[in-house]
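Okay, target.cif now, which holds mmCIF, C-alpha atoms:
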```cif
data_query
loop_
_atom_site.group_PDB
_atom_site.id
_atom_site.type_symbol
_atom_site.label_atom_id
_atom_site.label_comp_id
_atom_site.auth_asym_id
_atom_site.auth_seq_id
_atom_site.Cartn_x
_atom_site.Cartn_y
_atom_site.Cartn_z
ATOM 1 C CA MET U 164 105.294 81.724 107.596
ATOM 2 C CA ALA U 165 106.667 85.253 107.815
ATOM 3 C CA HIS U 166 109.105 84.486 104.997
ATOM 4 C CA ARG U 167 106.309 83.150 102.786
ATOM 5 C CA ALA U 168 104.145 86.191 103.520
ATOM 6 C CA ARG U 169 107.019 88.474 102.458
ATOM 7 C CA LEU U 170 107.470 86.429 99.274
ATOM 8 C CA ILE U 171 103.782 86.707 98.369
ATOM 9 C CA ARG U 172 103.691 90.421 99.169
ATOM 10 C CA GLY U 173 106.753 91.000 96.982
ATOM 11 C CA MET U 174 105.221 89.182 94.042
ATOM 12 C CA GLU U 175 101.925 91.002 94.499
ATOM 13 C CA GLU U 176 103.892 94.251 94.326
ATOM 14 C CA ILE U 177 105.386 93.118 91.002
ATOM 15 C CA SER U 178 101.884 92.496 89.689
ATOM 16 C CA LEU U 179 100.594 95.864 90.933
ATOM 17 C CA THR U 180 103.473 97.661 89.190
ATOM 18 C CA ALA U 181 103.180 95.726 85.951
ATOM 19 C CA TRP U 182 99.400 96.189 85.648
ATOM 20 C CA PRO U 183 98.625 99.709 86.881
ATOM 21 C CA SER U 184 95.255 101.162 87.698
ATOM 22 C CA LEU U 185 94.253 104.726 86.905
ATOM 23 C CA GLN U 186 93.778 105.758 90.538
ATOM 24 C CA THR U 187 94.967 104.247 93.818
ATOM 25 C CA VAL U 188 93.824 105.036 97.350
ATOM 26 C CA CYS U 189 96.131 103.978 100.207
ATOM 27 C CA TYR U 190 93.987 103.075 103.189
ATOM 28 C CA ASP U 191 95.517 101.647 106.369
ATOM 29 C CA GLY U 192 97.688 99.057 104.615
ATOM 30 C CA TRP U 193 95.207 98.343 101.820
ATOM 31 C CA LEU U 194 95.550 99.553 98.227
ATOM 32 C CA LEU U 195 92.215 100.426 96.630
ATOM 33 C CA ARG U 196 92.581 100.523 92.851
ATOM 34 C CA PHE U 197 90.218 102.051 90.306
ATOM 35 C CA ALA U 198 90.266 101.880 86.492
ATOM 36 C CA GLY U 199 86.759 102.469 85.233
ATOM 37 C CA GLY U 200 85.778 98.837 85.796
ATOM 38 C CA TYR U 201 88.263 97.390 83.282
ATOM 39 C CA THR U 202 89.774 94.184 84.725
ATOM 40 C CA ARG U 203 89.258 92.966 88.256
ATOM 41 C CA ARG U 204 92.886 93.330 89.264
ATOM 42 C CA ALA U 205 92.835 97.041 88.427
ATOM 43 C CA ASN U 206 89.517 97.614 90.232
ATOM 44 C CA SER U 207 90.004 95.795 93.499
ATOM 45 C CA VAL U 208 91.376 96.045 97.008
ATOM 46 C CA SER U 209 94.844 94.580 97.609
ATOM 47 C CA PRO U 210 95.080 93.910 101.376
ATOM 48 C CA ILE U 211 98.805 93.185 101.418
ATOM 49 C CA TYR U 212 100.129 95.327 104.277
ATOM 50 C CA ASP U 213 99.465 95.361 108.015
ATOM 51 C CA SER U 214 96.035 96.643 108.976
ATOM 52 C CA THR U 215 95.126 98.423 112.221
ATOM 53 C CA ARG U 216 91.628 99.934 111.921
ATOM 54 C CA PRO U 217 88.494 97.924 112.862
ATOM 55 C CA LEU U 218 87.888 95.455 110.050
ATOM 56 C CA ASP U 219 84.142 95.954 109.571
ATOM 57 C CA GLU U 220 84.707 99.707 109.437
ATOM 58 C CA LYS U 221 87.332 99.262 106.742
ATOM 59 C CA ILE U 222 85.227 96.960 104.587
ATOM 60 C CA THR U 223 82.271 99.330 104.804
ATOM 61 C CA HIS U 224 84.521 102.221 103.752
ATOM 62 C CA CYS U 225 85.709 100.260 100.702
ATOM 63 C CA GLU U 226 82.135 99.415 99.749
ATOM 64 C CA ARG U 227 81.201 103.066 99.937
ATOM 65 C CA LEU U 228 84.002 104.039 97.537
ATOM 66 C CA TYR U 229 83.392 101.287 94.975
ATOM 67 C CA TYR U 230 79.609 101.388 95.057
ATOM 68 C CA GLY U 231 79.814 105.171 94.721
ATOM 69 C CA ARG U 232 81.479 104.576 91.345
ATOM 70 C CA SER U 233 78.911 101.946 90.305
ATOM 71 C CA LEU U 234 81.482 99.176 90.712
ATOM 72 C CA PRO U 235 81.301 95.932 92.656
ATOM 73 C CA THR U 236 83.522 95.738 95.718
ATOM 74 C CA ILE U 237 86.281 93.237 94.982
ATOM 75 C CA PHE U 238 89.113 92.036 97.215
ATOM 76 C CA LYS U 239 92.125 90.275 95.687
ATOM 77 C CA MET U 240 92.898 87.587 98.257
ATOM 78 C CA THR U 241 95.965 85.494 99.047
ATOM 79 C CA GLU U 242 96.955 83.380 102.045
ATOM 80 C CA ALA U 243 99.004 86.402 103.194
ATOM 81 C CA ALA U 244 96.103 88.897 103.160
ATOM 82 C CA CYS U 245 95.995 91.305 106.092
ATOM 83 C CA PRO U 246 94.420 90.730 108.538
ATOM 84 C CA ALA U 247 94.522 86.930 108.580
ATOM 85 C CA ASP U 248 90.764 86.544 109.158
ATOM 86 C CA LEU U 249 89.772 88.818 106.254
ATOM 87 C CA ASP U 250 88.615 86.008 103.949
ATOM 88 C CA ALA U 251 86.328 84.519 106.588
ATOM 89 C CA VAL U 252 84.875 87.930 107.440
ATOM 90 C CA LEU U 253 84.199 88.700 103.768
ATOM 91 C CA GLU U 254 82.506 85.345 103.310
ATOM 92 C CA ALA U 255 80.284 86.096 106.301
ATOM 93 C CA ARG U 256 79.366 89.391 104.621
ATOM 94 C CA ASP U 257 78.172 87.511 101.497
ATOM 95 C CA TYR U 258 81.261 88.100 99.363
ATOM 96 C CA GLN U 259 81.522 85.341 96.782
ATOM 97 C CA ALA U 260 84.821 83.602 95.947
ATOM 98 C CA ASP U 261 85.700 83.720 92.256
ATOM 99 C CA ALA U 262 88.498 83.260 89.709
ATOM 100 C CA HIS U 263 90.949 81.082 91.622
ATOM 101 C CA THR U 264 94.291 81.741 89.956
ATOM 102 C CA SER U 265 97.749 80.182 90.091
ATOM 103 C CA VAL U 266 100.779 82.486 90.307
ATOM 104 C CA GLN U 267 103.724 80.751 88.658
ATOM 105 C CA THR U 268 107.396 81.420 87.985
ATOM 106 C CA VAL U 269 110.229 79.825 85.999
ATOM 107 C CA GLU U 270 113.988 80.353 86.093
ATOM 108 C CA LEU U 271 114.966 81.570 82.623
ATOM 109 C CA ALA U 272 118.304 79.787 82.780
ATOM 110 C CA GLN U 273 116.352 76.498 82.800
ATOM 111 C CA VAL U 274 114.104 77.339 79.818
ATOM 112 C CA ASP U 275 114.611 75.733 76.398
ATOM 113 C CA PHE U 276 114.029 78.521 73.875
ATOM 114 C CA ALA U 277 114.254 76.269 70.801
ATOM 115 C CA HIS U 278 110.580 76.804 69.956
ATOM 116 C CA ALA U 279 110.422 80.564 70.605
ATOM 117 C CA GLY U 280 108.390 82.292 67.919
ATOM 118 C CA LYS U 281 109.414 85.114 65.640
ATOM 119 C CA LEU U 282 107.309 87.814 67.241
ATOM 120 C CA THR U 283 106.621 91.384 66.243
ATOM 121 C CA PHE U 284 107.478 93.654 69.181
ATOM 122 C CA SER U 285 106.419 97.219 69.913
ATOM 123 C CA THR U 286 107.080 99.508 72.869
ATOM 124 C CA GLN U 287 103.579 100.949 72.481
ATOM 125 C CA PRO U 288 100.193 99.254 72.025
ATOM 126 C CA THR U 289 99.624 99.853 68.308
ATOM 127 C CA ASP U 290 96.176 100.101 66.764
ATOM 128 C CA ASP U 291 96.654 96.666 65.193
ATOM 129 C CA TRP U 292 97.675 95.124 68.530
ATOM 130 C CA LEU U 293 94.724 96.615 70.395
ATOM 131 C CA GLU U 294 92.253 95.638 67.691
ATOM 132 C CA ALA U 295 93.628 92.082 67.632
ATOM 133 C CA PHE U 296 93.530 91.888 71.427
ATOM 134 C CA CYS U 297 89.859 92.880 71.455
ATOM 135 C CA ARG U 298 89.037 90.476 68.615
ATOM 136 C CA LEU U 299 90.790 87.495 70.211
ATOM 137 C CA ASN U 300 89.336 88.189 73.685
ATOM 138 C CA THR U 301 85.886 89.259 72.448
ATOM 139 C CA THR U 302 86.468 92.532 74.307
ATOM 140 C CA ASP U 303 84.315 95.513 73.347
ATOM 141 C CA PRO U 304 86.497 97.804 71.150
ATOM 142 C CA ALA U 305 84.874 100.736 72.958
ATOM 143 C CA ARG U 306 87.269 99.846 75.804
ATOM 144 C CA ILE U 307 90.327 100.719 73.708
ATOM 145 C CA PRO U 308 90.693 104.361 74.888
ATOM 146 C CA LEU U 309 90.584 103.185 78.524
ATOM 147 C CA MET U 310 93.069 100.404 77.741
ATOM 148 C CA ARG U 311 95.445 102.917 76.154
ATOM 149 C CA HIS U 312 95.234 105.125 79.231
ATOM 150 C CA MET U 313 95.990 102.252 81.589
ATOM 151 C CA LEU U 314 98.825 100.802 79.530
ATOM 152 C CA ALA U 315 100.449 104.227 79.241
ATOM 153 C CA ASN U 316 100.901 104.130 83.037
ATOM 154 C CA ILE U 317 103.288 101.152 82.944
ATOM 155 C CA ILE U 318 106.643 102.484 84.165
ATOM 156 C CA PRO U 319 109.108 99.565 83.697
ATOM 157 C CA ALA U 320 110.209 98.321 80.261
ATOM 158 C CA VAL U 321 107.242 96.846 78.411
ATOM 159 C CA THR U 322 106.668 95.174 75.079
ATOM 160 C CA TYR U 323 103.540 94.355 73.107
ATOM 161 C CA ALA U 324 104.046 91.213 71.050
ATOM 162 C CA ALA U 325 102.131 89.757 68.135
ATOM 163 C CA LEU U 326 102.468 86.509 66.222
ATOM 164 C CA VAL U 327 101.283 86.683 62.621
ATOM 165 C CA ARG U 328 99.971 83.810 60.533
ATOM 166 C CA GLU U 329 98.681 84.086 56.965
ATOM 167 C CA GLY U 330 98.828 87.870 57.112
ATOM 168 C CA GLU U 331 96.697 88.185 60.262
ATOM 169 C CA ILE U 332 97.586 88.514 63.940
ATOM 170 C CA ALA U 333 96.964 85.071 65.418
ATOM 171 C CA ALA U 334 98.298 85.612 68.963
ATOM 172 C CA VAL U 335 99.150 88.537 71.228
ATOM 173 C CA GLY U 336 100.640 89.129 74.650
ATOM 174 C CA LEU U 337 102.533 91.719 76.640
ATOM 175 C CA ALA U 338 105.527 91.510 78.937
ATOM 176 C CA VAL U 339 106.895 93.840 81.613
ATOM 177 C CA ALA U 340 110.550 93.586 82.680
ATOM 178 C CA ASP U 341 110.999 94.825 86.244
ATOM 179 C CA GLY U 342 114.194 93.912 88.064
ATOM 180 C CA THR U 343 114.838 90.184 88.009
ATOM 181 C CA TYR U 344 111.337 89.269 86.744
ATOM 182 C CA VAL U 345 109.594 89.481 83.412
ATOM 183 C CA SER U 346 105.810 89.397 83.910
ATOM 184 C CA LEU U 347 103.553 88.073 81.155
ATOM 185 C CA PHE U 348 99.996 89.289 80.696
ATOM 186 C CA ASP U 349 97.065 89.012 78.289
ATOM 187 C CA LEU U 350 98.330 85.945 76.433
ATOM 188 C CA VAL U 351 95.763 84.827 73.875
ATOM 189 C CA VAL U 352 95.778 82.729 70.699
ATOM 190 C CA ASP U 353 93.136 82.828 67.977
ATOM 191 C CA ALA U 354 90.839 79.826 68.420
ATOM 192 C CA ARG U 355 91.452 78.865 64.771
ATOM 193 C CA TRP U 356 95.176 78.412 65.482
ATOM 194 C CA ARG U 357 95.078 76.660 68.845
ATOM 195 C CA GLY U 358 96.805 73.323 69.207
ATOM 196 C CA GLN U 359 99.526 74.250 66.714
ATOM 197 C CA GLY U 360 102.236 75.515 69.058
ATOM 198 C CA LEU U 361 101.483 79.228 68.849
ATOM 199 C CA GLY U 362 100.965 79.567 72.602
ATOM 200 C CA GLN U 363 104.342 78.037 73.314
ATOM 201 C CA ALA U 364 105.995 80.196 70.660
ATOM 202 C CA LEU U 365 104.407 83.326 72.143
ATOM 203 C CA VAL U 366 105.357 82.586 75.754
ATOM 204 C CA LEU U 367 108.930 81.602 74.897
ATOM 205 C CA GLY U 368 109.372 84.661 72.693
ATOM 206 C CA LEU U 369 108.231 86.946 75.502
ATOM 207 C CA LEU U 370 110.452 85.215 78.055
ATOM 208 C CA GLN U 371 113.380 85.590 75.662
ATOM 209 C CA TRP U 372 112.630 89.313 75.367
ATOM 210 C CA GLY U 373 112.607 89.547 79.162
ATOM 211 C CA GLN U 374 115.935 87.759 79.419
ATOM 212 C CA ALA U 375 117.431 90.256 76.972
ATOM 213 C CA HIS U 376 116.155 93.025 79.289
ATOM 214 C CA GLY U 377 117.878 91.646 82.383
ATOM 215 C CA ALA U 378 115.216 89.326 83.789
ATOM 216 C CA GLN U 379 116.260 86.075 85.447
ATOM 217 C CA ALA U 380 112.806 84.605 86.005
ATOM 218 C CA GLY U 381 109.415 84.626 84.324
ATOM 219 C CA TYR U 382 106.149 85.333 86.142
ATOM 220 C CA LEU U 383 102.542 84.811 85.086
ATOM 221 C CA GLN U 384 99.059 84.229 86.420
ATOM 222 C CA VAL U 385 96.736 81.521 85.093
ATOM 223 C CA MET U 386 93.250 80.591 86.204
ATOM 224 C CA LEU U 387 93.016 77.136 87.749
ATOM 225 C CA ASN U 388 90.173 76.136 85.412
ATOM 226 C CA ASN U 389 92.303 76.757 82.299
ATOM 227 C CA ALA U 390 93.653 73.236 81.854
ATOM 228 C CA PRO U 391 95.313 73.757 78.419
ATOM 229 C CA ALA U 392 97.253 76.799 79.661
ATOM 230 C CA LEU U 393 98.296 74.993 82.840
ATOM 231 C CA ARG U 394 99.674 72.118 80.757
ATOM 232 C CA LEU U 395 101.562 74.499 78.469
ATOM 233 C CA TYR U 396 103.172 76.443 81.293
ATOM 234 C CA GLU U 397 104.149 73.236 83.089
ATOM 235 C CA LYS U 398 105.788 72.004 79.873
ATOM 236 C CA ILE U 399 107.833 75.221 79.654
ATOM 237 C CA GLY U 400 108.904 74.828 83.284
ATOM 238 C CA PHE U 401 106.603 77.133 85.261
ATOM 239 C CA ARG U 402 105.748 76.062 88.803
ATOM 240 C CA GLU U 403 103.169 77.465 91.219
ATOM 241 C CA VAL U 404 104.376 79.723 94.017
ATOM 242 C CA TYR U 405 100.961 80.537 95.487
ATOM 243 C CA HIS U 406 97.459 81.228 94.303
ATOM 244 C CA TYR U 407 94.966 84.057 94.678
ATOM 245 C CA TRP U 408 91.234 84.462 94.353
ATOM 246 C CA TYR U 409 88.742 87.280 94.429
ATOM 247 C CA ARG U 410 85.992 88.006 96.934
ATOM 248 C CA VAL U 411 83.232 89.867 95.116
ATOM 249 C CA LYS U 412 80.085 91.660 96.225
ATOM 250 C CA GLN U 413 77.870 93.475 93.764
ATOM 251 C CA ALA U 414 76.586 96.970 94.438
ATOM 252 C CA PRO U 415 73.086 97.077 95.918
ATOM 253 C CA ALA U 416 70.309 97.515 93.372
#
```

Mind turning the file's structure into structure tokens?
Amino acid sequence: MAHRARLIRGMEEISLTAWPSLQTVCYDGWLLRFAGGYTRRANSVSPIYDSTRPLDEKITHCERLYYGRSLPTIFKMTEAACPADLDAVLEARDYQADAHTSVQTVELAQVDFAHAGKLTFSTQPTDDWLEAFCRLNTTDPARIPLMRHMLANIIPAVTYAALVREGEIAAVGLAVADGTYVSLFDLVVDARWRGQGLGQALVLGLLQWGQAHGAQAGYLQVMLNNAPALRLYEKIGFREVYHYWYRVKQAPA
């Protein structure tokens, strides 16, 4: 159990590094992250280290900080969350479970790269990449300045990849190479091109980029209700290591 907890904590640290927030508060073993409300993982509490203060006191303190910024209070939960009874206590305080997600890895030496796509790579999020990302995800383009600010905080090697079809960006994703892992994020294919192998081409192309940057394994996160993505990643060779979920409580009216 202790070994598994260390494994989960280590992989959570990879995720925290690869997807930075704008501000982080360290509070008795918990990391409270803030990024103007953009993405849950960058605006949530990561309870991944040993905790010593009274639990109700700590939760109330977190609520005060998030509600004070007009944000819901969100905890990113795993089976290794500290303390062990945190999930049950949050549930008792009317925190709702949401977005159950599988964390998966694959050994790059075992991957068949025959169907890797010819991607366009950039070390910076270009205007075209950001506009395509917002279009494909139906994200408000007004978020772009905040996205730029967050992405500029990524310290390890990073690439922003696009797959073009008929003169238009049809798929995008980003990858972060940090030590032995390459982490994949924000993978999306235009609905008009789905079912034609673009997702596989995108993922394999990003994994290949990671391998060229020293990675030995790929890492990604996929929601458990996304059946097509789960099938694709299983086909490539990804296997679940653990899963996480969020506990969410909205700010009082």

ask   = For U:Tyr344, which residue among U:Gly173, U:Pro217, U:Gly400, U:Gly377 is the nearest when counting all atoms listed in the file?
value =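 Of U:Gly173, U:Pro217, U:Gly400, U:Gly377, the one nearest U:Tyr344 is U:Gly377, counting all atoms listed in the file.
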
task = Please write the residues picked by the PyMOL selection byres ((chain U and resi 208) around 7) on this file as a list in words.
result =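 That selection, the PyMOL selection byres ((chain U and resi 208) around 7), comes back as Trp193, Leu194, Leu195, Arg196, Ser207, Ser209, Pro210, Ile237, Phe238 and Lys239 of chain U.
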
For the residues selected in the previous step, produce a file with C-alpha atoms as a PDB file, keeping the file's coordinate frame.
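Okay, out-v2.pdb is ready:
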```pdb
ATOM      1  CA  TRP U 193      95.207  98.343 101.820  1.00  0.00           C
ATOM      2  CA  LEU U 194      95.550  99.553  98.227  1.00  0.00           C
ATOM      3  CA  LEU U 195      92.215 100.426  96.630  1.00  0.00           C
ATOM      4  CA  ARG U 196      92.581 100.523  92.851  1.00  0.00           C
ATOM      5  CA  SER U 207      90.004  95.795  93.499  1.00  0.00           C
ATOM      6  CA  SER U 209      94.844  94.580  97.609  1.00  0.00           C
ATOM      7  CA  PRO U 210      95.080  93.910 101.376  1.00  0.00           C
ATOM      8  CA  ILE U 237      86.281  93.237  94.982  1.00  0.00           C
ATOM      9  CA  PHE U 238      89.113  92.036  97.215  1.00  0.00           C
ATOM     10  CA  LYS U 239      92.125  90.275  95.687  1.00  0.00           C
TER      11      LYS U 239
END
```

query = Which residue, U:Leu395, U:Ser178, U:Ala414, U:Leu234, has the smallest gap to U:Phe348 when you use all atoms listed in the file?
reply = U:Ser178

request  = Go through U:Ile332, U:Cys245, U:Ala340, U:Val269 one by one, measure the shortest atom-to-atom distance of each to U:Glu397 using all atoms listed in the file, and give the residue with the smallest value.
outcome  =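 Once distances to U:Glu397 are computed over all atoms listed in the file, the minimum belongs to U:Val269.
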
inquiry  = Please list, as an NGL selection string, the residues that have an atom at most 12 Å away from (99.3, 77.4, 73.4) in the coordinates of this file, counting all atoms listed in the file.
reply    = :U and (278-280 or 333-336 or 350-367 or 389-399)

request  = Take atom CA of U:Gln186 and atom CA of U:His312 and report the distance between them in Å, one decimal.
outcome  =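 Interatomic distance, atom CA of U:Gln186 to atom CA of U:His312: 11.4 Å.
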
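Computed from the coordinates, the atom CA of U:Thr202 to atom CA of U:Thr215 distance equals 28.3 Å.
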
Quick one: residues within 12 Å of U:Leu253, all atoms listed in the file, excluding same-chain residues fewer than 2 positions away - as a PDB file with C-alpha atoms, in the frame of the given file?
```pdb
ATOM      1  CA  LEU U 218      87.888  95.455 110.050  1.00  0.00           C
ATOM      2  CA  ASP U 219      84.142  95.954 109.571  1.00  0.00           C
ATOM      3  CA  LYS U 221      87.332  99.262 106.742  1.00  0.00           C
ATOM      4  CA  ILE U 222      85.227  96.960 104.587  1.00  0.00           C
ATOM      5  CA  THR U 223      82.271  99.330 104.804  1.00  0.00           C
ATOM      6  CA  GLU U 226      82.135  99.415  99.749  1.00  0.00           C
ATOM      7  CA  THR U 236      83.522  95.738  95.718  1.00  0.00           C
ATOM      8  CA  ILE U 237      86.281  93.237  94.982  1.00  0.00           C
ATOM      9  CA  PHE U 238      89.113  92.036  97.215  1.00  0.00           C
ATOM     10  CA  LYS U 239      92.125  90.275  95.687  1.00  0.00           C
ATOM     11  CA  MET U 240      92.898  87.587  98.257  1.00  0.00           C
ATOM     12  CA  ALA U 244      96.103  88.897 103.160  1.00  0.00           C
ATOM     13  CA  PRO U 246      94.420  90.730 108.538  1.00  0.00           C
ATOM     14  CA  ALA U 247      94.522  86.930 108.580  1.00  0.00           C
ATOM     15  CA  ASP U 248      90.764  86.544 109.158  1.00  0.00           C
ATOM     16  CA  LEU U 249      89.772  88.818 106.254  1.00  0.00           C
ATOM     17  CA  ASP U 250      88.615  86.008 103.949  1.00  0.00           C
ATOM     18  CA  ALA U 251      86.328  84.519 106.588  1.00  0.00           C
ATOM     19  CA  ALA U 255      80.284  86.096 106.301  1.00  0.00           C
ATOM     20  CA  ARG U 256      79.366  89.391 104.621  1.00  0.00           C
ATOM     21  CA  ASP U 257      78.172  87.511 101.497  1.00  0.00           C
ATOM     22  CA  TYR U 258      81.261  88.100  99.363  1.00  0.00           C
ATOM     23  CA  GLN U 259      81.522  85.341  96.782  1.00  0.00           C
ATOM     24  CA  ALA U 260      84.821  83.602  95.947  1.00  0.00           C
ATOM     25  CA  TYR U 409      88.742  87.280  94.429  1.00  0.00           C
ATOM     26  CA  ARG U 410      85.992  88.006  96.934  1.00  0.00           C
ATOM     27  CA  VAL U 411      83.232  89.867  95.116  1.00  0.00           C
ATOM     28  CA  LYS U 412      80.085  91.660  96.225  1.00  0.00           C
TER      29      LYS U 412
END
```

message = Taking only C-alpha atoms into account, name the residue in U:Thr264, U:Ser214, U:Ser285, U:Thr241 that is nearest to U:Asn388.
response =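 Ranking U:Thr264, U:Ser214, U:Ser285, U:Thr241 by distance to U:Asn388, first place goes to U:Thr264.
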
Take every atom of stretch 266-278 of chain U listed in the file, pad by 8 Å on each side, and give me the axis-aligned box centre and edge lengths in Å, one decimal, as AutoDock Vina command-line options.
```
--center_x 109.5 --center_y 79.1 --center_z 80.1 --size_x 33.5 --size_y 22.8 --size_z 36.4
```

key: atom CA of U:Ile177 to atom CA of U:Pro288, distance in Å rounded to a single decimal   =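 Computing it gives 20.6 Å between the two atoms.
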
ask   = Expanded to explicit residues, what is the PyMOL selection byres ((chain U and resi 180) around 10) for this file, as a list in words?
value =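 Selected by the PyMOL selection byres ((chain U and resi 180) around 10) here: Met174, Glu175, Glu176, Ile177, Ser178, Leu179, Ala181, Trp182, Pro183, Ser184, Asn316, Ile317, Ile318, Pro319, Val339 and Asp341 of chain U.
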
query = Of the candidates U:Met164, U:Leu170, U:Leu299, U:Val385, which shows the shortest atom-to-atom distance to U:Glu403, using only C-alpha atoms?
reply =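 Using only C-alpha atoms, the shortest distance to U:Glu403 belongs to U:Val385.
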
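Once U:Gly199 and its same-chain neighbours fewer than 2 positions away are set aside, Ser184, Leu185, Phe197, Tyr201, Thr202, Ala205, Asn206, Arg232, Leu234 and Leu309 of chain U remain within 9 Å of it when counting all atoms listed in the file.
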
ask   = Using only C-alpha atoms, which residues sit within 10 Å of U:Ala272 once same-chain residues fewer than 4 positions away are excluded, as number ranges by chain?
value = U: 276, 374, 379-380

message = Could you check the closest approach to U:Thr302 for each of U:Asp349, U:Thr343, U:Asp275, U:Ser233 and tell me which residue wins, using all atoms listed in the file?
response =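 Counting all atoms listed in the file, the residue closest to U:Thr302 is U:Asp349.
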
Stretch 351-366 of chain U rebuilt with N, CA, C and O atoms, output as an mmCIF file, in the frame of the given file:
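New file part37.cif:
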```
data_model
loop_
_atom_site.group_PDB
_atom_site.id
_atom_site.type_symbol
_atom_site.label_atom_id
_atom_site.label_comp_id
_atom_site.auth_asym_id
_atom_site.auth_seq_id
_atom_site.Cartn_x
_atom_site.Cartn_y
_atom_site.Cartn_z
ATOM 1 N N VAL U 351 96.941 85.411 74.516
ATOM 2 C CA VAL U 351 95.763 84.827 73.875
ATOM 3 C C VAL U 351 96.106 84.424 72.448
ATOM 4 O O VAL U 351 96.840 85.120 71.751
ATOM 5 N N VAL U 352 95.583 83.267 72.045
ATOM 6 C CA VAL U 352 95.778 82.729 70.699
ATOM 7 C C VAL U 352 94.417 82.604 70.028
ATOM 8 O O VAL U 352 93.439 82.172 70.653
ATOM 9 N N ASP U 353 94.355 82.975 68.762
ATOM 10 C CA ASP U 353 93.136 82.828 67.977
ATOM 11 C C ASP U 353 92.672 81.370 68.047
ATOM 12 O O ASP U 353 93.464 80.443 67.871
ATOM 13 N N ALA U 354 91.386 81.178 68.294
ATOM 14 C CA ALA U 354 90.839 79.826 68.420
ATOM 15 C C ALA U 354 91.118 78.977 67.190
ATOM 16 O O ALA U 354 91.284 77.757 67.280
ATOM 17 N N ARG U 355 91.215 79.617 66.009
ATOM 18 C CA ARG U 355 91.452 78.865 64.771
ATOM 19 C C ARG U 355 92.862 78.298 64.704
ATOM 20 O O ARG U 355 93.143 77.409 63.909
ATOM 21 N N TRP U 356 93.783 78.835 65.537
ATOM 22 C CA TRP U 356 95.176 78.412 65.482
ATOM 23 C C TRP U 356 95.607 77.645 66.732
ATOM 24 O O TRP U 356 96.786 77.314 66.873
ATOM 25 N N ARG U 357 94.700 77.354 67.609
ATOM 26 C CA ARG U 357 95.078 76.660 68.845
ATOM 27 C C ARG U 357 95.451 75.211 68.555
ATOM 28 O O ARG U 357 94.978 74.605 67.601
ATOM 29 N N GLY U 358 96.341 74.680 69.389
ATOM 30 C CA GLY U 358 96.805 73.323 69.207
ATOM 31 C C GLY U 358 97.912 73.171 68.192
ATOM 32 O O GLY U 358 98.290 72.051 67.834
ATOM 33 N N GLN U 359 98.480 74.300 67.732
ATOM 34 C CA GLN U 359 99.526 74.250 66.714
ATOM 35 C C GLN U 359 100.837 74.881 67.197
ATOM 36 O O GLN U 359 101.691 75.233 66.387
ATOM 37 N N GLY U 360 100.976 75.041 68.497
ATOM 38 C CA GLY U 360 102.236 75.515 69.058
ATOM 39 C C GLY U 360 102.389 77.013 69.152
ATOM 40 O O GLY U 360 103.448 77.496 69.572
ATOM 41 N N LEU U 361 101.346 77.770 68.811
ATOM 42 C CA LEU U 361 101.483 79.228 68.849
ATOM 43 C C LEU U 361 101.586 79.746 70.273
ATOM 44 O O LEU U 361 102.309 80.714 70.539
ATOM 45 N N GLY U 362 100.877 79.122 71.214
ATOM 46 C CA GLY U 362 100.965 79.567 72.602
ATOM 47 C C GLY U 362 102.374 79.403 73.138
ATOM 48 O O GLY U 362 102.908 80.306 73.794
ATOM 49 N N GLN U 363 102.969 78.273 72.876
ATOM 50 C CA GLN U 363 104.342 78.037 73.314
ATOM 51 C C GLN U 363 105.299 79.028 72.662
ATOM 52 O O GLN U 363 106.176 79.592 73.324
ATOM 53 N N ALA U 364 105.130 79.257 71.372
ATOM 54 C CA ALA U 364 105.995 80.196 70.660
ATOM 55 C C ALA U 364 105.874 81.606 71.227
ATOM 56 O O ALA U 364 106.875 82.321 71.372
ATOM 57 N N LEU U 365 104.654 81.999 71.582
ATOM 58 C CA LEU U 365 104.407 83.326 72.143
ATOM 59 C C LEU U 365 105.059 83.471 73.513
ATOM 60 O O LEU U 365 105.778 84.451 73.774
ATOM 61 N N VAL U 366 104.812 82.511 74.398
ATOM 62 C CA VAL U 366 105.357 82.586 75.754
ATOM 63 C C VAL U 366 106.877 82.579 75.726
ATOM 64 O O VAL U 366 107.534 83.405 76.381
#
```
